[in-house]
Amino acid sequence: MMAKEGAIAIHEPNYRYDVFLSFRGSDTRRTFTGNLYNALRLKRFKTFMDEGGLKSGDPIASSILEAVEDSRISIVVLSKYYAYSSWCLEELVKILDCKKEKNQLVLPIFYDVDPSDVRRQRGAYGEAMARHEDRSRKDSEKVRRWRSALSEVSNLSRFDNRQYGYDYELIQKIVEGVTRSLPRYDVFLSFCGEDTRYSFTGFLYDALCQEGFNTFMNDERLKDGDQLSESLNAIEKSRLSIIVFSQNYACSSLRLDELVMILDCMKMKNGLVWPIFYKVEPSDIRHQRNNYGKAMETHENRIGKDSKKVQEWRLALSQVANLKGWHLKFGYEYELVKKIVDIAIKISNG
């Protein structure tokens, strides 16, 4: 078995992160928010959590505000002393701006606080805002924005930890909500069912799922039209596409249509593509020789040599054969499966 490692970065189309966590570190970093961060990461959501490098008096880092912009959803953990932090309040203003301008999802979590205290700035929230006003007499507009943001966020659909017996129950509900709000796949598998469904691709699918990757594998029971529609939708939502090129891959027009879509997403959305040459030569795919040549001739006889679709298929085969991937000629399949999964884990944790 010979292997060439693929690229080592998954680029999420349009966004660097799935989730941005806004929280007061001294309140919940080592407890609720830390556990929530871990739960989201275990589900393979790319989650931004500030490492706590700022010191008192420092301005909020531009990298944190950029992370807000580059996230699909922001979770705001409104704990007792959240409003004492000017950094948290600046994050909150930015989050709500992104909600308006980019339709970003915002999920407030009221952690041991009453939403009405946040809305009307009473109790600890009133004390915090009074302190900010005393310190910022020259910048009352900033405080006004903070007050407005607190009122606004308290009116959004939310979670309240007082309605749950244990934190882990609330965390489970939040992760379920994020999963529903951000439908996506980590990995899309394109393969010829008759060649590898019950062997290499089946084992790869199981290994990816065991490691928590949300992996799409087509349903052979669906009709061709329904299968293609489902596959194309999944490709658009996937971060990584793995193409298992086997002897009969090119015989299927469905697989070739998937291939064209995968390469389109690679170009337009920076999607990552890993080809696996399963007991076939990359040069046979690149030049459409042997089984791949016969398959393309069959397609040409069926729909015409000058057909635009056939030309797209031929071009896609030539292009994908030049990408870095893995070439399995002999040896143990489980070794290649493990290598692929290990690299996927490394990437997702990077």
# chains A, B, ... in the order shown; residues from 1 in each chain; ligands from 1
$ select_by_dssp --residues "segment 23-269 of chain A" --states "strand (DSSP E)" --output "number ranges by chain"
A: 47-48, 71-78, 105-110, 159-160, 185-191, 215-216, 238-245
$ residues_around --residues "segment 190-193 of chain A" --least-positions-apart "2" --cutoff "9 Å" --atoms "only C-alpha atoms" --output "MDAnalysis selection string"
chainID A and resid 188 195:198 201 216:218 220 231 241:252 255 258:259
$ residues_around --residues "segment 274-276 of chain A" --least-positions-apart "5" --cutoff "10 Å" --atoms "only C-alpha atoms" --output "list in words"
Ala3, Lys4, Glu5, Gly6, Ala7, Leu189, Ser190, Phe191, Leu240, Ser241, Ile242, Ile243, Val244, Phe245, Ser246, Pro282, Val320, Ala321, Asn322, Leu323, Lys324, Gly325, Trp326, His327, Leu328, Leu336 and Ile340 of chain A
$ closest_residue --among "A:Phe32, A:Phe277, A:Tyr82, A:Tyr205" --to "Leu150 of chain A" --atoms "only C-alpha atoms"
A:Tyr82
$ residues_around --residues "Glu297 of chain A" --least-positions-apart "5" --cutoff "10 Å" --atoms "only C-alpha atoms" --output "ChimeraX atom specification"
/A:251,288,291-292,302,304-305,310
$ residues_around --residues "Val77 of chain A" --least-positions-apart "5" --cutoff "10 Å" --atoms "only C-alpha atoms" --output "number ranges by chain"
A: 21-24, 27-28, 32-33, 82, 88, 107-111, 159-160
$ write_last_selection --atoms "C-alpha atoms" --output "PDB file, in the first residue's frame"
ATOM      1  CA  LEU A  21     -18.878  31.157  22.674  1.00  0.00           C
ATOM      2  CA  SER A  22     -19.312  34.471  24.509  1.00  0.00           C
ATOM      3  CA  PHE A  23     -18.931  34.122  28.287  1.00  0.00           C
ATOM      4  CA  ARG A  24     -17.335  35.574  31.412  1.00  0.00           C
ATOM      5  CA  ASP A  27     -17.783  32.613  36.032  1.00  0.00           C
ATOM      6  CA  THR A  28     -18.034  29.527  33.824  1.00  0.00           C
ATOM      7  CA  PHE A  32     -20.500  25.047  32.344  1.00  0.00           C
ATOM      8  CA  THR A  33     -18.917  26.791  29.346  1.00  0.00           C
ATOM      9  CA  TYR A  82     -21.168  38.723  32.538  1.00  0.00           C
ATOM     10  CA  CYS A  88     -18.179  40.521  26.945  1.00  0.00           C
ATOM     11  CA  LEU A 107     -28.559  31.594  21.257  1.00  0.00           C
ATOM     12  CA  PRO A 108     -28.584  33.150  24.755  1.00  0.00           C
ATOM     13  CA  ILE A 109     -28.105  30.935  27.816  1.00  0.00           C
ATOM     14  CA  PHE A 110     -29.270  32.386  31.138  1.00  0.00           C
ATOM     15  CA  TYR A 111     -27.028  30.761  33.708  1.00  0.00           C
ATOM     16  CA  PHE A 159     -32.246  28.382  27.419  1.00  0.00           C
ATOM     17  CA  ASP A 160     -32.476  28.873  31.197  1.00  0.00           C
TER      18      ASP A 160
END
$ atom_distance --atom1 "atom CA of Val337 of chain A" --atom2 "atom CA of Leu232 of chain A"
24.5 Å
$ atom_distance --atom1 "atom CA of Leu208 of chain A" --atom2 "atom CA of Asp186 of chain A"
9.5 Å
$ residues_around --residues "Pro115 of chain A" --least-positions-apart "3" --cutoff "12 Å" --atoms "only C-alpha atoms" --output "list of chain:residue names"
A:Val77, A:Leu78, A:Ser79, A:Lys80, A:Pro108, A:Ile109, A:Phe110, A:Tyr111, A:Asp112, A:Val118, A:Arg119, A:Arg120, A:Gln121, A:Arg122, A:Gly123, A:Tyr125, A:Leu150, A:Ser151, A:Glu152, A:Val153, A:Ser154, A:Asn155, A:Leu156, A:Ser157, A:Arg158, A:Phe159, A:Asp160, A:Asn161, A:Arg162
$ closest_residue --among "A:Lys338, A:Asp206, A:Ile75, A:Lys329" --to "Val280 of chain A" --atoms "only C-alpha atoms"
A:Lys329
$ select_by_dssp --residues "segment 191-302 of chain A" --states "helix (DSSP H, G or I)" --output "PyMOL selection string"
chain A and resi 193-196+200-210+224-237+249-251+253-269+282-286+290-302
$ atom_distance --atom1 "atom CA of Ser348 of chain A" --atom2 "atom CA of Arg44 of chain A"
6.9 Å
$ closest_residue --among "A:Ile235, A:Ala149, A:Ile73, A:Ala295" --to "Leu92 of chain A" --atoms "only C-alpha atoms"
A:Ala149
$ closest_residue --among "A:Phe203, A:Tyr37, A:Arg137, A:Gly177" --to "Glu335 of chain A" --atoms "only C-alpha atoms"
A:Phe203
